[in-house]
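To start, the structure under review is shown below, and the notes come after it.
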Protein chains: 2
Amino acid sequence: MIDDVVRSAATAFESYRRFTGRQKGELLRAITAHLEADGEAIVETANRETSLGQPRLKGELARTCNQLRMFAALVEEGSWVGARIDRGKVDVRSMRRPIGPVAVFGASNFPLAFSVPGGDTASALAAGCTVVVKAHPAHPETSRRTARAIAGAVPAGVFALVEGFEEGIELVKHPLIKAVAFTGSRRGGRALMDIAAARREPIPVYAEMGSINPVFVLPNAMRRRGAEIAAGLHASVTLGAGQFCTNPGLVIAAHSNEFLDELAEKIAATPCAPMLTPTIAGAYRSGVEKFATIANRRSFVDGGAALFTADAATFLHREELMEEVFGPSTLVVECESREAMLEVARAIEGQLTATIHADDDDDFNELLRIVETKAGRVVFNGYPTGVEVVPAMVHGGPYPATSDGRSTSVGTRAIERFTRYVAWQNAPDAALPDELKEANPLRIARLVDGQRT
Amino acid sequence: MIDDVVRSAATAFESYRRFTGRQKGELLRAITAHLEADGEAIVETANRETSLGQPRLKGELARTCNQLRMFAALVEEGSWVGARIDRGKVDVRSMRRPIGPVAVFGASNFPLAFSVPGGDTASALAAGCTVVVKAHPAHPETSRRTARAIAGAVPAGVFALVEGFEEGIELVKHPLIKAVAFTGSRRGGRALMDIAAARREPIPVYAEMGSINPVFVLPNAMRRRGAEIAAGLHASVTLGAGQFCTNPGLVIAAHSNEFLDELAEKIAATPCAPMLTPTIAGAYRSGVEKFATIANRRSFVDGGAALFTADAATFLHREELMEEVFGPSTLVVECESREAMLEVARAIEGQLTATIHADDDDDFNELLRIVETKAGRVVFNGYPTGVEVVPAMVHGGPYPATSDGRSTSVGTRAIERFTRYVAWQNAPDAALPDELKEANPLRIARLVDGQRT
């Protein structure tokens, strides 16, 4: 069954990979139209399956459609392929080309924007790849409903939905699948990485896994804005019941009673929100219980938000405190000195984000240099949740935040993940893709004989 | 010992990664000056160790220095980082940054251009990565001599040379190494891929492995230019005793007695050339012996050039004929029909190159579509050997030609392999790298609010 689906995707790739940017744009816009036409039912279905609430899900559907439109505009404009032409002794011309059929694993926490019609699907289709999505079991009806919207807008085989744990593994092992995209747990992501690496032909896996998104609060910022930062952090920690990959699960802060009291009070007053699935709720509960045996549980709501504190020495000696607790929990590591803060910064693993709260007179240069090597995105005087869908965005980061720290899963650069470079040497103009033809019929930006045009 | 070397590389990375483009350019040009100053002795040493001959090695040294200068110019200009700025609701700025200390494995067949001072080292240093090279045992003195030239031009720890098989493995396993580049056999490359994938933190491996570089000769081209193509092919097959990764080891051709006779005659008249090492010579001899048990040995020189023929059915049923025989040997698969030729094209694995000899009235469109998915570079009416060092070059290709078909190891894009994207959000101007500062002090090409500047 998986074999049939993948074979169809591979057959469809033969023609879909030759779609022009305009044709792909049209297709992505058609998907958007189908999703919007069925929007009310999609949001209702997603709400029933995820308890995320209508307002959030309406916003997420809008974001999902915006992502599709962003990639439509990108491929319609066409310069994204990075065309290069050198007309020296031999004529060499090259550009990005689609890599092949792609397997996408839907995420539980974004039933639309990182699931069936989400950023991975949008960027892979934009690149010219056909897509087989493995539905997340937490929202099967939403997956099927959005899959129907996509399938109704594209030629047969360009898109397909499959379900089931074993089916997902079979998909990653299938020789005709050429890349994998995944958003989920570290364990799940690593398992797919290992399967892909053990294939006869290893293939790239883009797994966006866990992250604790450290937030550093420096002494002067803490003294002047401690209460304000506590309020901002609380909102970021508890947003969507903490079920975001950019949730700040670790705060490394100069000591401040005011800050801690304010944060503790707000955490204790946080109403319990239903979590995405019983499995996630159970994992959250045991994660919090485990933390309570190592760190100080400063304030908490039974089955809800939780605040822990620890000193730097404890944090540095207990690796478990670096594990992600997926949900509305955070750990404040109080640092008595700049050196202690830097030592914690040096000890943390790869992250999607790192945040620095600093005033002009705080000494943050060394810290900045360290966190730049640890994270895909460095945030100043803000909070890591809320990932802008803009061309410059980097939603990635060194392992174990992602499987491939060179890439981003948000923003237009996400398309690069599903491409490879191909060169043509001394090819007749008619045999070249339009992007590389001498007359530049698509009027795209190119690098010709070393000059940008 | 390896641990000390890698720790030094990691320490040096802390400052080297912040070198400006101008500083890195200066450093790369200083390496070139050192290599040129010692050029005569380097060429002499390399000739003694490889038997490649002075003319070839002088040319290779010039190429090696040109590569270093190409990357110097690239980083001095600075736009290669792909800077992007979005000044919307939040200010997001991003660019490529160096990935960390890199392990480079020198190749046997290019003792300079793909060894210690070769393209991998040049592109990694240009990216801002420190480099530890594992010397190839086939030219230890050349490795040491060129390593001294590099080490004399860079700060301590930025570059180091290590030797030994076990040491190479230790290097790939070391937690502070963040990427690996390799040029060599499929077995060696795959072993490094497997080691890197099994690390606690898996890291990218750029292994450029074997390739048989199929050359397709279509009926009309064959009828009109058969003898000429035979002469060109012979030169390409026997160049450097066939010890190039772009050596054409497979010819898929319309039947032509004239072509085969001409090729056979030229092969039989090829003088024996010494091979790089006794191991390579031994592997060549047994590869040729193995082919002789499956295909027809049409002509050969004892211990030298060899020409085999087989029909399409034999080729399609005997996987061994798709294995690389590193040396001056080629296999001509005669195809009676267009469909047979397409079937062979569909069956071949990933390649560095695929070549099509076709006249205007040959029907090559379908073949072109197939080979585009199999190769990193498609050559028309030419020969795959001779890789131009130009910005548009792609020296890569789907597995098993390389470990990572998304990348190239020749041309300016090779620098991308050793980078990852990093974003800064709402950062004060002074905290940003120069490439992302509001005033664009480096005057580089950027994408600002979606517009190329």
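Letters for chains follow the order of the structure tokens (A, B, ...), residue numbers begin at 1 for each chain, and ligand numbers begin at 1 in the order shown.
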| as a count of residues only, which residues of stretch 275-336 of chain B does DSSP assign to strand (DSSP E or B)? | 18
inquiry  = Distance cut-off 7 Å, counting only C-alpha atoms - which residues of chain B neighbour chain A? Return them as an MDAnalysis selection string.
reply    = chainID B and resid 84:86 92:94 197 201 376:380 390:394 399 405:407 419:427 450
Written file, previous selection with C-alpha atoms, as a short mmCIF file (atom, residue, chain, number, x, y, z; two decimals), in the first residue's frame:
```
data_model
loop_
_atom_site.label_atom_id
_atom_site.label_comp_id
_atom_site.auth_asym_id
_atom_site.auth_seq_id
_atom_site.Cartn_x
_atom_site.Cartn_y
_atom_site.Cartn_z
CA ARG B 84 18.44 39.00 4.66
CA ILE B 85 16.68 41.72 6.60
CA ASP B 86 12.96 41.98 7.38
CA VAL B 92 14.64 39.76 11.79
CA ARG B 93 18.09 39.59 10.16
CA SER B 94 19.93 36.47 9.10
CA ALA B 197 25.38 9.33 11.74
CA GLU B 201 25.36 14.58 17.72
CA GLY B 376 25.17 16.69 -10.64
CA ARG B 377 26.41 17.89 -14.02
CA VAL B 378 25.08 17.16 -17.50
CA VAL B 379 27.65 17.59 -20.28
CA PHE B 380 26.71 18.05 -23.93
CA VAL B 390 33.91 28.59 -11.76
CA PRO B 391 31.02 29.88 -9.61
CA ALA B 392 28.41 27.87 -11.54
CA MET B 393 30.25 24.54 -11.30
CA VAL B 394 28.47 21.62 -9.61
CA TYR B 399 24.26 9.03 -3.75
CA GLY B 405 23.71 15.29 -3.47
CA ARG B 406 22.57 18.75 -2.41
CA SER B 407 26.11 20.09 -2.35
CA THR B 419 27.75 27.08 7.16
CA ARG B 420 24.43 27.24 8.91
CA TYR B 421 21.83 30.02 8.97
CA VAL B 422 21.60 32.23 12.07
CA ALA B 423 18.98 34.92 12.70
CA TRP B 424 19.03 37.91 15.06
CA GLN B 425 15.72 39.32 16.22
CA ASN B 426 15.42 42.93 17.42
CA ALA B 427 19.16 43.08 17.99
CA GLY B 450 11.87 41.16 0.21
#
```
Could you find all residues in stretch 170-353 of chain A that DSSP calls alpha helix (DSSP H) from the backbone, and write them as a PyMOL selection string? chain A and resi 170-173+186-197+219-238+257-268+278-292+312-317+338-347
Now that the selection is made, can you save its residues with C-alpha atoms as a compact mmCIF listing (two decimals), in the first residue's frame?
```txt
# COMPACT_ATOMS: atom_id res chain seq x y z
CA GLU A 170 7.93 2.15 5.65
CA LEU A 171 7.73 5.55 3.99
CA VAL A 172 11.16 6.64 5.27
CA LYS A 173 12.65 3.32 4.15
CA ARG A 186 13.66 14.23 19.92
CA ARG A 187 13.12 10.49 20.24
CA GLY A 188 10.87 10.38 17.18
CA GLY A 189 13.14 12.61 15.13
CA ARG A 190 16.27 10.68 16.01
CA ALA A 191 14.56 7.39 15.15
CA LEU A 192 13.79 8.70 11.66
CA MET A 193 17.35 10.03 11.31
CA ASP A 194 18.73 6.60 12.17
CA ILE A 195 16.42 4.83 9.73
CA ALA A 196 17.31 7.27 6.93
CA ALA A 197 21.05 6.97 7.63
CA PRO A 219 21.66 42.26 35.95
CA ASN A 220 20.74 45.78 34.80
CA ALA A 221 17.77 44.67 32.74
CA MET A 222 16.67 42.60 35.74
CA ARG A 223 17.02 45.50 38.16
CA ARG A 224 15.10 47.95 35.99
CA ARG A 225 12.56 45.67 34.27
CA GLY A 226 12.36 42.49 36.37
CA ALA A 227 8.59 42.60 36.91
CA GLU A 228 7.93 43.44 33.26
CA ILE A 229 10.16 40.58 32.09
CA ALA A 230 8.38 38.22 34.52
CA ALA A 231 5.03 39.16 32.95
CA GLY A 232 6.35 38.71 29.41
CA LEU A 233 7.96 35.39 30.26
CA HIS A 234 4.84 34.11 31.94
CA ALA A 235 2.79 34.88 28.83
CA SER A 236 5.38 33.13 26.63
CA VAL A 237 5.68 30.06 28.92
CA THR A 238 1.93 29.51 29.17
CA ASN A 257 13.27 38.45 44.46
CA GLU A 258 10.86 40.74 42.75
CA PHE A 259 11.20 38.88 39.44
CA LEU A 260 10.81 35.46 41.01
CA ASP A 261 7.86 36.51 43.19
CA GLU A 262 6.08 38.05 40.24
CA LEU A 263 6.67 35.02 38.03
CA ALA A 264 5.66 32.60 40.82
CA GLU A 265 2.46 34.50 41.48
CA LYS A 266 1.49 34.55 37.82
CA ILE A 267 2.28 30.85 37.38
CA ALA A 268 0.15 29.95 40.42
CA PRO A 278 -3.59 12.39 26.82
CA THR A 279 -0.06 11.21 25.89
CA ILE A 280 1.29 14.76 25.91
CA ALA A 281 -0.53 15.51 29.18
CA GLY A 282 0.93 12.36 30.75
CA ALA A 283 4.45 13.15 29.54
CA TYR A 284 4.12 16.68 30.90
CA ARG A 285 2.99 15.41 34.28
CA SER A 286 5.91 13.01 34.59
CA GLY A 287 8.37 15.58 33.32
CA VAL A 288 7.27 18.00 36.02
CA GLU A 289 7.44 15.28 38.66
CA LYS A 290 10.97 14.40 37.61
CA PHE A 291 12.05 18.04 37.77
CA ALA A 292 10.55 18.29 41.26
CA ALA A 312 23.90 27.14 38.49
CA ALA A 313 25.91 24.34 40.14
CA THR A 314 22.87 22.04 40.30
CA PHE A 315 21.92 22.82 36.72
CA LEU A 316 25.44 22.14 35.47
CA HIS A 317 25.63 18.79 37.25
CA ARG A 338 28.58 36.83 35.05
CA GLU A 339 30.98 33.89 34.89
CA ALA A 340 28.32 31.48 36.19
CA MET A 341 25.92 32.71 33.51
CA LEU A 342 28.53 32.23 30.80
CA GLU A 343 29.29 28.76 32.11
CA VAL A 344 25.63 27.79 31.83
CA ALA A 345 25.52 29.28 28.33
CA ARG A 346 28.52 27.19 27.33
CA ALA A 347 26.93 24.03 28.72
```
Of A:Glu166, A:Glu336, A:Asp363, A:Glu36, the one sitting nearest A:His255 when using only C-alpha atoms is A:Glu336
Pairwise distance, atom CA of A:Glu26 with atom CA of B:Glu366, equals 25.8 Å
Show me, as a compact mmCIF listing (two decimals) with N, CA and C atoms, in the first residue's frame, the residues that have an atom within 7 Å of A:Val162 when counting only C-alpha atoms, minus same-chain residues fewer than 5 positions from it.
```
# COMPACT_ATOMS: atom_id res chain seq x y z
N VAL A 133 2.33 12.80 2.94
CA VAL A 133 2.28 13.18 4.34
C VAL A 133 1.86 11.98 5.17
N LYS A 134 2.55 11.78 6.28
CA LYS A 134 2.11 10.79 7.27
C LYS A 134 1.34 11.58 8.34
N ALA A 135 0.06 11.30 8.45
CA ALA A 135 -0.81 12.04 9.36
C ALA A 135 -0.42 11.83 10.82
```
Shortest contact to B:Lys24, candidates B:Arg7, B:Arg69, B:Arg148, B:His174, atoms counted only C-alpha atoms, goes to B:Arg69
Find the residues around A:Val132 up to 8 Å (only C-alpha atoms counted), leave out those fewer than 2 positions away in its own chain, and share them as number ranges by chain.
A: 5-6, 9, 101-104, 130, 134, 159-162
